[in-house]
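Asks: Contents of final.cif (mmCIF, C-alpha atoms):
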```
data_query
#
loop_
_atom_site.label_atom_id
_atom_site.label_comp_id
_atom_site.auth_asym_id
_atom_site.auth_seq_id
_atom_site.Cartn_x
_atom_site.Cartn_y
_atom_site.Cartn_z
CA MET K 1 -18.24 -24.32 -33.24
CA ILE K 2 -17.53 -21.45 -30.85
CA ARG K 3 -17.39 -22.54 -27.24
CA SER K 4 -18.74 -19.71 -25.10
CA ILE K 5 -19.00 -19.15 -21.38
CA LEU K 6 -20.59 -16.34 -19.41
CA ALA K 7 -18.46 -14.42 -16.89
CA THR K 8 -19.15 -11.44 -14.64
CA LEU K 9 -22.74 -12.61 -14.55
CA ILE K 10 -25.01 -9.79 -13.54
CA LEU K 11 -28.56 -11.03 -14.02
CA LEU K 12 -30.28 -14.24 -15.03
CA ILE K 13 -34.01 -14.27 -15.70
CA PRO K 14 -35.33 -17.80 -16.22
CA GLY K 15 -38.86 -19.00 -16.78
CA LEU K 16 -40.08 -15.96 -18.68
CA ALA K 17 -41.65 -17.87 -21.53
CA GLY K 18 -45.09 -16.90 -20.28
CA ALA K 19 -44.30 -13.19 -19.91
CA GLN K 20 -46.33 -10.82 -22.05
CA ALA K 21 -44.22 -8.51 -24.21
CA GLN K 22 -45.44 -4.94 -24.36
CA ASP K 23 -43.66 -4.53 -27.72
CA SER K 24 -44.25 -7.38 -30.20
CA ALA K 25 -40.82 -6.67 -31.74
CA LEU K 26 -39.08 -7.62 -28.50
CA PRO K 27 -38.68 -11.15 -27.13
CA ASP K 28 -40.56 -11.66 -23.91
CA PRO K 29 -37.45 -11.74 -21.66
CA ILE K 30 -36.18 -8.45 -23.13
CA ALA K 31 -39.62 -6.91 -22.63
CA ALA K 32 -39.41 -8.12 -19.03
CA LEU K 33 -36.13 -6.24 -18.60
CA GLU K 34 -37.82 -3.16 -20.00
CA ASP K 35 -40.61 -3.62 -17.44
CA ARG K 36 -37.94 -3.59 -14.72
CA GLY K 37 -36.75 -0.16 -15.83
CA ALA K 38 -34.10 -1.02 -18.42
CA THR K 39 -33.76 0.90 -21.67
CA ILE K 40 -33.33 -1.42 -24.62
CA GLY K 41 -30.83 -0.40 -27.28
CA GLU K 42 -29.61 -2.05 -30.45
CA THR K 43 -29.66 -5.74 -31.31
CA PHE K 44 -26.54 -7.49 -32.59
CA ASP K 45 -25.43 -10.93 -33.74
CA ALA K 46 -24.01 -13.25 -31.09
CA PRO K 47 -22.58 -16.79 -31.30
CA GLY K 48 -24.16 -20.03 -30.17
CA GLY K 49 -27.65 -19.18 -31.38
CA LEU K 50 -27.89 -16.20 -29.06
CA THR K 51 -29.30 -12.81 -29.99
CA GLY K 52 -27.57 -9.84 -28.37
CA TYR K 53 -29.02 -6.54 -27.13
CA THR K 54 -27.48 -3.51 -25.52
CA VAL K 55 -29.32 -2.58 -22.34
CA SER K 56 -29.00 0.53 -20.17
CA PHE K 57 -29.91 0.04 -16.52
CA GLN K 58 -29.18 2.26 -13.52
CA GLY K 59 -26.58 4.25 -15.42
CA GLN K 60 -24.75 1.26 -16.89
CA THR K 61 -24.71 -0.05 -20.44
CA LEU K 62 -24.72 -3.84 -20.48
CA THR K 63 -25.02 -6.64 -23.00
CA ALA K 64 -27.95 -9.03 -22.84
CA TYR K 65 -28.18 -12.37 -24.63
CA VAL K 66 -31.44 -14.08 -25.49
CA THR K 67 -31.50 -17.84 -26.04
CA ASN K 68 -32.48 -19.27 -29.40
CA ALA K 69 -35.89 -20.28 -28.03
CA GLN K 70 -36.33 -16.66 -26.83
CA ASP K 71 -37.50 -17.85 -23.41
CA HIS K 72 -34.47 -16.79 -21.31
CA VAL K 73 -32.08 -13.85 -21.16
CA VAL K 74 -28.66 -13.58 -19.55
CA VAL K 75 -27.13 -10.16 -18.87
CA GLY K 76 -23.38 -10.03 -18.53
CA THR K 77 -20.06 -10.50 -20.34
CA LEU K 78 -19.72 -13.16 -23.05
CA LEU K 79 -16.34 -14.88 -23.34
CA ASP K 80 -15.24 -17.46 -25.90
CA GLY K 81 -13.11 -20.52 -25.20
CA ASP K 82 -9.91 -18.47 -25.49
CA GLY K 83 -11.11 -15.97 -22.91
CA THR K 84 -11.75 -13.26 -25.51
CA ASN K 85 -14.30 -10.74 -24.31
CA LEU K 86 -16.94 -10.73 -27.06
CA SER K 87 -19.04 -8.09 -25.31
CA GLU K 88 -16.33 -5.41 -25.14
CA PRO K 89 -16.46 -4.31 -28.81
CA VAL K 90 -20.23 -3.98 -28.58
CA LEU K 91 -20.05 -1.88 -25.41
CA SER K 92 -17.23 0.23 -26.86
CA ALA K 93 -19.29 0.98 -29.97
CA ALA K 94 -22.29 1.86 -27.80
CA ALA K 95 -20.18 4.21 -25.67
CA ASN K 96 -18.92 6.03 -28.76
CA ALA K 97 -22.29 6.24 -30.48
CA ALA K 98 -24.15 9.50 -30.94
CA ARG K 99 -26.27 10.42 -27.94
CA PRO K 100 -30.05 10.86 -28.26
CA GLN K 101 -31.70 14.27 -28.47
CA SER K 102 -33.52 13.45 -25.23
CA GLU K 103 -30.22 13.54 -23.30
CA TRP K 104 -29.30 16.92 -24.78
CA ASP K 105 -32.73 18.25 -23.82
CA GLU K 106 -32.41 16.98 -20.24
CA VAL K 107 -29.00 18.58 -19.82
CA ALA K 108 -30.22 21.82 -21.40
CA ASN K 109 -33.06 21.93 -18.86
CA ALA K 110 -30.71 21.41 -15.90
CA SER K 111 -29.31 24.18 -13.68
CA TRP K 112 -26.11 25.55 -15.19
CA ILE K 113 -23.79 28.56 -15.24
CA ALA K 114 -23.31 30.19 -18.63
CA ASP K 115 -19.63 30.85 -19.28
CA GLY K 116 -19.32 33.00 -22.41
CA SER K 117 -21.44 35.14 -24.68
CA ASP K 118 -25.13 34.39 -25.14
CA SER K 119 -24.60 35.13 -28.84
CA ALA K 120 -21.90 32.48 -29.27
CA GLU K 121 -22.60 30.23 -32.25
CA ARG K 122 -21.54 27.11 -30.37
CA VAL K 123 -22.98 25.88 -27.06
CA ILE K 124 -21.62 22.96 -25.10
CA TYR K 125 -22.58 21.49 -21.72
CA ALA K 126 -20.09 20.32 -19.10
CA PHE K 127 -20.83 18.50 -15.85
CA THR K 128 -18.60 20.37 -13.41
CA ASP K 129 -17.72 19.70 -9.78
CA PRO K 130 -16.11 22.71 -8.03
CA ASN K 131 -13.53 20.43 -6.40
CA CYS K 132 -12.54 18.69 -9.64
CA PRO K 133 -8.99 19.54 -10.81
CA TYR K 134 -9.75 18.30 -14.33
CA CYS K 135 -12.80 20.59 -14.47
CA SER K 136 -10.52 23.45 -13.50
CA ARG K 137 -8.07 22.47 -16.23
CA PHE K 138 -10.94 22.32 -18.76
CA TYR K 139 -12.02 25.80 -17.68
CA GLU K 140 -8.49 27.16 -18.22
CA GLN K 141 -7.85 25.48 -21.55
CA THR K 142 -11.11 26.78 -23.07
CA ARG K 143 -10.47 30.49 -22.37
CA ASP K 144 -9.40 31.35 -25.93
CA TRP K 145 -12.67 30.16 -27.45
CA VAL K 146 -14.86 31.62 -24.69
CA ASP K 147 -13.09 34.98 -24.57
CA ALA K 148 -13.36 35.29 -28.36
CA GLY K 149 -17.13 34.86 -28.12
CA ALA K 150 -17.04 31.71 -30.23
CA VAL K 151 -18.27 29.24 -27.58
CA GLN K 152 -20.53 29.36 -24.57
CA ILE K 153 -19.90 26.62 -22.02
CA ARG K 154 -22.85 25.82 -19.79
CA HIS K 155 -21.47 24.32 -16.60
CA VAL K 156 -23.98 21.89 -15.11
CA MET K 157 -22.90 22.23 -11.49
CA VAL K 158 -22.73 19.00 -9.49
CA GLY K 159 -21.42 18.08 -6.07
CA VAL K 160 -20.09 14.53 -6.08
CA LEU K 161 -16.37 14.51 -5.28
CA ARG K 162 -16.12 15.81 -1.72
CA GLU K 163 -18.33 16.56 1.24
CA ASP K 164 -18.35 20.30 0.51
CA SER K 165 -18.78 19.96 -3.27
CA LEU K 166 -22.54 20.37 -3.15
CA GLY K 167 -22.28 23.46 -0.93
CA LYS K 168 -19.69 25.03 -3.20
CA ALA K 169 -21.70 24.28 -6.35
CA ALA K 170 -24.89 25.66 -4.79
CA THR K 171 -23.04 28.79 -3.63
CA LEU K 172 -21.84 29.46 -7.17
CA LEU K 173 -25.30 28.87 -8.64
CA ALA K 174 -26.86 31.25 -6.10
CA ALA K 175 -24.39 34.10 -6.77
CA ASP K 176 -25.69 37.40 -8.12
CA ASP K 177 -23.36 36.91 -11.10
CA PRO K 178 -22.73 33.15 -11.35
CA ALA K 179 -20.29 33.45 -14.27
CA ALA K 180 -18.15 35.96 -12.37
CA ALA K 181 -18.36 33.80 -9.25
CA LEU K 182 -17.20 30.77 -11.24
CA ALA K 183 -14.30 32.78 -12.70
CA GLU K 184 -13.25 33.88 -9.21
CA HIS K 185 -13.52 30.32 -7.94
CA GLU K 186 -11.27 29.09 -10.75
CA ALA K 187 -8.74 31.86 -10.12
CA ARG K 188 -8.53 30.67 -6.49
CA PHE K 189 -8.84 26.95 -7.24
CA ASP K 190 -5.34 25.97 -6.06
CA SER K 191 -6.06 27.48 -2.65
CA GLY K 192 -9.45 25.82 -2.30
CA GLY K 193 -11.63 28.06 -4.44
CA THR K 194 -14.90 29.50 -3.20
CA PRO K 195 -16.03 28.01 0.14
CA PRO K 196 -19.68 27.17 0.75
CA ALA K 197 -21.65 30.20 1.89
CA GLU K 198 -22.92 30.25 5.45
CA SER K 199 -26.46 30.57 4.14
CA ILE K 200 -27.33 28.85 0.86
CA PRO K 201 -30.83 29.03 -0.64
CA ALA K 202 -32.60 25.69 -0.47
CA SER K 203 -33.54 26.07 -4.14
CA SER K 204 -29.87 26.18 -5.14
CA GLN K 205 -29.04 23.12 -3.05
CA GLN K 206 -31.96 21.27 -4.62
CA ALA K 207 -30.80 22.35 -8.08
CA VAL K 208 -27.39 20.78 -7.49
CA ALA K 209 -28.99 17.63 -6.04
CA SER K 210 -31.14 17.38 -9.17
CA ASN K 211 -28.04 17.77 -11.35
CA ASN K 212 -26.39 14.96 -9.37
CA GLU K 213 -29.40 12.75 -10.04
CA LEU K 214 -29.32 13.63 -13.73
CA MET K 215 -25.64 12.79 -13.95
CA SER K 216 -26.29 9.41 -12.36
CA ARG K 217 -29.31 8.72 -14.55
CA LEU K 218 -27.27 9.40 -17.69
CA GLY K 219 -24.62 6.95 -16.53
CA ILE K 220 -21.94 9.65 -16.12
CA ARG K 221 -19.44 8.92 -13.36
CA GLY K 222 -16.67 11.41 -13.93
CA THR K 223 -16.18 15.15 -14.25
CA PRO K 224 -15.84 16.97 -16.47
CA SER K 225 -18.13 15.17 -18.91
CA VAL K 226 -18.97 17.25 -21.95
CA TYR K 227 -21.88 17.18 -24.39
CA TYR K 228 -21.36 18.79 -27.78
CA ARG K 229 -22.53 18.56 -31.39
CA ASP K 230 -20.04 17.36 -33.99
CA ASP K 231 -19.67 18.68 -37.54
CA SER K 232 -22.57 16.50 -38.66
CA GLY K 233 -24.83 17.79 -35.92
CA ASP K 234 -24.74 14.52 -33.99
CA ILE K 235 -24.66 14.77 -30.19
CA ARG K 236 -21.46 13.45 -28.64
CA LEU K 237 -20.34 12.88 -25.07
CA VAL K 238 -16.74 13.10 -23.87
CA ARG K 239 -16.27 11.42 -20.52
CA GLY K 240 -13.39 13.12 -18.77
CA LEU K 241 -11.08 15.93 -19.81
CA PRO K 242 -11.02 16.47 -23.59
CA ARG K 243 -7.45 16.55 -24.85
CA GLY K 244 -5.68 17.32 -28.11
CA GLU K 245 -7.77 16.78 -31.21
CA ARG K 246 -10.78 15.83 -29.10
CA LEU K 247 -10.70 19.24 -27.46
CA ILE K 248 -10.65 20.88 -30.89
CA ASP K 249 -13.65 18.74 -31.90
CA VAL K 250 -15.52 19.77 -28.75
CA MET K 251 -14.81 23.45 -29.26
CA GLY K 252 -15.69 23.35 -32.95
CA GLY K 253 -12.26 24.17 -34.35
CA ALA K 254 -8.79 25.42 -33.57
CA LYS K 255 -8.15 28.26 -31.13
CA PRO K 256 -9.32 31.63 -32.47
CA GLU K 257 -6.51 33.89 -33.66
#
```
Step by step, read the file and then write its structure as structure tokens.

Replies:
Amino acid sequence: MIRSILATLILLIPGLAGAQAQDSALPDPIAALEDRGATIGETFDAPGGLTGYTVSFQGQTLTAYVTNAQDHVVVGTLLDGDGTNLSEPVLSAAANAARPQSEWDEVANASWIADGSDSAERVIYAFTDPNCPYCSRFYEQTRDWVDAGAVQIRHVMVGVLREDSLGKAATLLAADDPAAALAEHEARFDSGGTPPAESIPASSQQAVASNNELMSRLGIRGTPSVYYRDDSGDIRLVRGLPRGERLIDVMGGAKPE
């Protein structure tokens, strides 16, 4: 018999046996989590008579465990008697799973700067903070694909790293030629890049604020974070700077000759 304990306890919802599930396929406590704003993912087998669910809440993916009687749920990390984290493989698989079309659509409808040809066969989206050194490195290492017209990178401009990040991002979005402004900013990145303009349109500031909210809602905490479609057409998300083979996957193949 597996002896399990719960650590890093995040949420305990007792006494939900009388709750009314909105979806008959969900146990009442899981439906109650959904009522509180959680998004319910996949179910999975768990020890000790528990039934596991992945749950997304306030930008975090968590594991939830429903008791055998289906009248209580515990959200947190499940450890066995040896201290093995039984939740980690589930969360790792969830993090690496294909992303839903709804996320792609939300990012596509955000405010972004198109870097590359509008006729490029491949389009990717990158959350980009103008003060992020890894975003700058991503910009530099993608030049071969962009300059060849093979890929268009749509930089979803956010301002999350420093106090002037939002002002810089809004200044770039508001430029007469945002792509040229972004290129100039990157060329000057080591010396601070483009400073915030003295007068920035409120619409551009609001656009960046909305992008910040989207980033948070999608559970993205680092820049760059890149959405792309793999060879099968599935939507993937790289959190952080793509490197090596992952960069080739993101860009759809090796550097153009």

Asks: Hey, which of K:Leu78, K:Leu247, K:Ala38, K:Ala183 ends up closest to Gln60 in chain K? Count all atoms listed in the file.

Replies: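 Smallest separation from Gln60 in chain K among the options: K:Ala38.
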
Asks: Find the residues near range 164-179 of chain K: any atom within 8 Å, counting only C-alpha atoms, skip ones fewer than 5 places away on the same chain, and give them as a PyMOL selection string.

Replies: chain K and resi 111-115+129-131+157-159+194-197+200-201+204-205+207-209

Asks: Within 9 Å of range 228-246 of chain K, which residues of range 107-175 of chain K show up? Give each one with its shortest atom-to-atom distance in Å (one decimal) and the two atoms involved, counting only C-alpha atoms, rows by chain then rising residue number, as CSV.

Replies:
```
residue,atom,partner,partner_atom,distance
K:Arg122,CA,K:Arg229,CA,8.7
K:Val123,CA,K:Tyr228,CA,7.3
K:Ile124,CA,K:Tyr228,CA,5.0
K:Tyr125,CA,K:Tyr228,CA,6.7
K:Ala126,CA,K:Tyr228,CA,8.9
K:Tyr134,CA,K:Leu241,CA,6.1
K:Cys135,CA,K:Leu241,CA,7.3
K:Arg137,CA,K:Leu241,CA,8.0
K:Phe138,CA,K:Leu241,CA,6.5
```

Asks: Could you tell me which residues the PyMOL selection byres ((chain K and resi 51) around 9) grabs in this file, written as a list in words?

Replies: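 Applying the expression gives Thr43, Phe44, Asp45, Ala46, Pro47, Gly48, Gly49, Leu50, Gly52, Tyr53, Ala64, Tyr65, Val66, Thr67, Asn68 and Gln70 of chain K.
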
Asks: Provide the CA of Ala31 in chain K to CA of Asn211 in chain K distance in Å, to one decimal place.

Replies: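 So the answer is 29.5 Å.
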
Asks: Could you expand the PyMOL selection byres ((chain K and resi 223) around 6) into the explicit residues it covers here, written as a PyMOL selection string?

Replies: chain K and resi 127-128+222+224-225+240

Asks: Extract, using only C-alpha atoms, all DNA, RNA and protein residues at most 8 Å from Leu62 in chain K, discarding same-chain residues fewer than 2 positions from it, and format them as a ChimeraX atom specification.

Replies: /K:54-57,60,64,75-76,91

Asks: Take CA of Ile248 in chain K and CA of Arg99 in chain K and report the distance between them in Å, one decimal.

Replies: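 Between CA of Ile248 in chain K and CA of Arg99 in chain K the gap works out to 19.0 Å.
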
Asks: Tell me, in Å to one decimal, how far CA of Ala120 in chain K is from CA of Gly149 in chain K.

Replies: 5.5 Å

Asks: Quick one: everything within 7 Å of Asp144 in chain K, counting all atoms listed in the file, minus sequence neighbours fewer than 4 positions away in the same chain. Send it as a compact mmCIF listing (two decimals) with C-alpha atoms, in the coordinates of the input.

Replies:
```
# COMPACT_ATOMS: atom_id res chain seq x y z
CA ALA K 148 -13.36 35.29 -28.36
CA LYS K 255 -8.15 28.26 -31.13
CA PRO K 256 -9.32 31.63 -32.47
```

Asks: Please determine an axis-aligned box that encloses all atoms of range 24-39 of chain K listed in the file, with 5 Å added on each side, and express its centre and edge lengths in Å to one decimal as AutoDock Vina command-line options.

Replies:
```
--center_x -39.0 --center_y -5.4 --center_z -23.2 --size_x 20.5 --size_y 22.6 --size_z 27.0
```

Asks: Let me make sure I understand: among K:Ser117, K:Arg143, K:Glu42, K:Glu34, which one has the smallest atom-to-atom distance to Ala97 in chain K if we use only C-alpha atoms?

Replies: K:Glu42

Asks: Go through K:Leu86, K:Leu26, K:Val226, K:Ala254 one by one, measure the shortest atom-to-atom distance of each to His155 in chain K using only C-alpha atoms, and give the residue with the smallest value.

Replies: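 Of K:Leu86, K:Leu26, K:Val226, K:Ala254, the one nearest His155 in chain K, counting only C-alpha atoms, is K:Val226.
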
Asks: How about completing range 184-195 of chain K with all heavy atoms and giving it to me as a tab-separated table (two decimals), keeping the file's coordinate frame?

Replies:
```tsv
chain	number	residue	atom	x	y	z
K	184	GLU	N	-14.00	33.63	-10.44
K	184	GLU	CA	-13.25	33.88	-9.21
K	184	GLU	C	-12.87	32.57	-8.53
K	184	GLU	O	-11.75	32.42	-8.02
K	184	GLU	CB	-14.07	34.75	-8.26
K	184	GLU	CG	-13.35	35.09	-6.96
K	184	GLU	CD	-14.19	35.96	-6.04
K	184	GLU	OE1	-15.30	36.37	-6.44
K	184	GLU	OE2	-13.72	36.22	-4.91
K	185	HIS	N	-13.81	31.64	-8.52
K	185	HIS	CA	-13.52	30.32	-7.94
K	185	HIS	C	-12.35	29.67	-8.66
K	185	HIS	O	-11.43	29.13	-8.01
K	185	HIS	CB	-14.77	29.44	-8.04
K	185	HIS	CG	-14.50	27.99	-7.76
K	185	HIS	ND1	-14.35	27.49	-6.49
K	185	HIS	CD2	-14.34	26.93	-8.61
K	185	HIS	CE1	-14.12	26.19	-6.55
K	185	HIS	NE2	-14.10	25.82	-7.83
K	186	GLU	N	-12.34	29.72	-9.99
K	186	GLU	CA	-11.27	29.09	-10.75
K	186	GLU	C	-9.94	29.79	-10.51
K	186	GLU	O	-8.89	29.14	-10.45
K	186	GLU	CB	-11.62	29.07	-12.24
K	186	GLU	CG	-12.80	28.18	-12.60
K	186	GLU	CD	-12.57	26.72	-12.26
K	186	GLU	OE1	-11.39	26.31	-12.11
K	186	GLU	OE2	-13.55	25.97	-12.11
K	187	ALA	N	-9.98	31.11	-10.38
K	187	ALA	CA	-8.74	31.86	-10.12
K	187	ALA	C	-8.14	31.46	-8.77
K	187	ALA	O	-6.92	31.55	-8.58
K	187	ALA	CB	-9.02	33.36	-10.16
K	188	ARG	N	-8.97	31.03	-7.84
K	188	ARG	CA	-8.53	30.67	-6.49
K	188	ARG	C	-8.51	29.16	-6.28
K	188	ARG	O	-8.39	28.68	-5.15
K	188	ARG	CB	-9.45	31.32	-5.45
K	188	ARG	CG	-9.52	32.84	-5.52
K	188	ARG	CD	-10.70	33.38	-4.72
K	188	ARG	NE	-10.75	32.86	-3.36
K	188	ARG	CZ	-11.81	32.96	-2.56
K	188	ARG	NH1	-12.92	33.56	-3.00
K	188	ARG	NH2	-11.77	32.48	-1.34
K	189	PHE	N	-8.64	28.39	-7.37
K	189	PHE	CA	-8.84	26.95	-7.24
K	189	PHE	C	-7.72	26.28	-6.44
K	189	PHE	O	-7.97	25.43	-5.58
K	189	PHE	CB	-8.96	26.29	-8.61
K	189	PHE	CG	-9.24	24.82	-8.55
K	189	PHE	CD1	-10.54	24.35	-8.39
K	189	PHE	CD2	-8.21	23.89	-8.62
K	189	PHE	CE1	-10.80	22.99	-8.30
K	189	PHE	CE2	-8.46	22.53	-8.53
K	189	PHE	CZ	-9.76	22.08	-8.37
K	190	ASP	N	-6.47	26.63	-6.71
K	190	ASP	CA	-5.34	25.97	-6.06
K	190	ASP	C	-5.31	26.19	-4.55
K	190	ASP	O	-4.69	25.41	-3.81
K	190	ASP	CB	-4.02	26.45	-6.67
K	190	ASP	CG	-3.82	25.92	-8.09
K	190	ASP	OD1	-4.51	24.95	-8.45
K	190	ASP	OD2	-3.00	26.48	-8.83
K	191	SER	N	-5.99	27.23	-4.09
K	191	SER	CA	-6.06	27.48	-2.65
K	191	SER	C	-7.42	27.10	-2.07
K	191	SER	O	-7.77	27.52	-0.97
K	191	SER	CB	-5.76	28.96	-2.35
K	191	SER	OG	-6.68	29.81	-3.02
K	192	GLY	N	-8.17	26.32	-2.80
K	192	GLY	CA	-9.45	25.82	-2.30
K	192	GLY	C	-10.67	26.39	-2.97
K	192	GLY	O	-11.78	25.89	-2.76
K	193	GLY	N	-10.49	27.48	-3.74
K	193	GLY	CA	-11.63	28.06	-4.44
K	193	GLY	C	-12.63	28.71	-3.50
K	193	GLY	O	-12.31	29.07	-2.36
K	194	THR	N	-13.84	28.86	-3.97
K	194	THR	CA	-14.90	29.50	-3.20
K	194	THR	C	-15.46	28.54	-2.16
K	194	THR	O	-15.94	27.46	-2.51
K	194	THR	CB	-16.02	29.99	-4.12
K	194	THR	OG1	-15.49	30.92	-5.06
K	194	THR	CG2	-17.15	30.63	-3.33
K	195	PRO	N	-15.45	28.91	-0.87
K	195	PRO	CA	-16.03	28.01	0.14
K	195	PRO	C	-17.55	28.09	0.11
K	195	PRO	O	-18.13	29.05	-0.41
K	195	PRO	CB	-15.48	28.59	1.45
K	195	PRO	CG	-15.30	30.04	1.16
K	195	PRO	CD	-14.88	30.14	-0.28
```
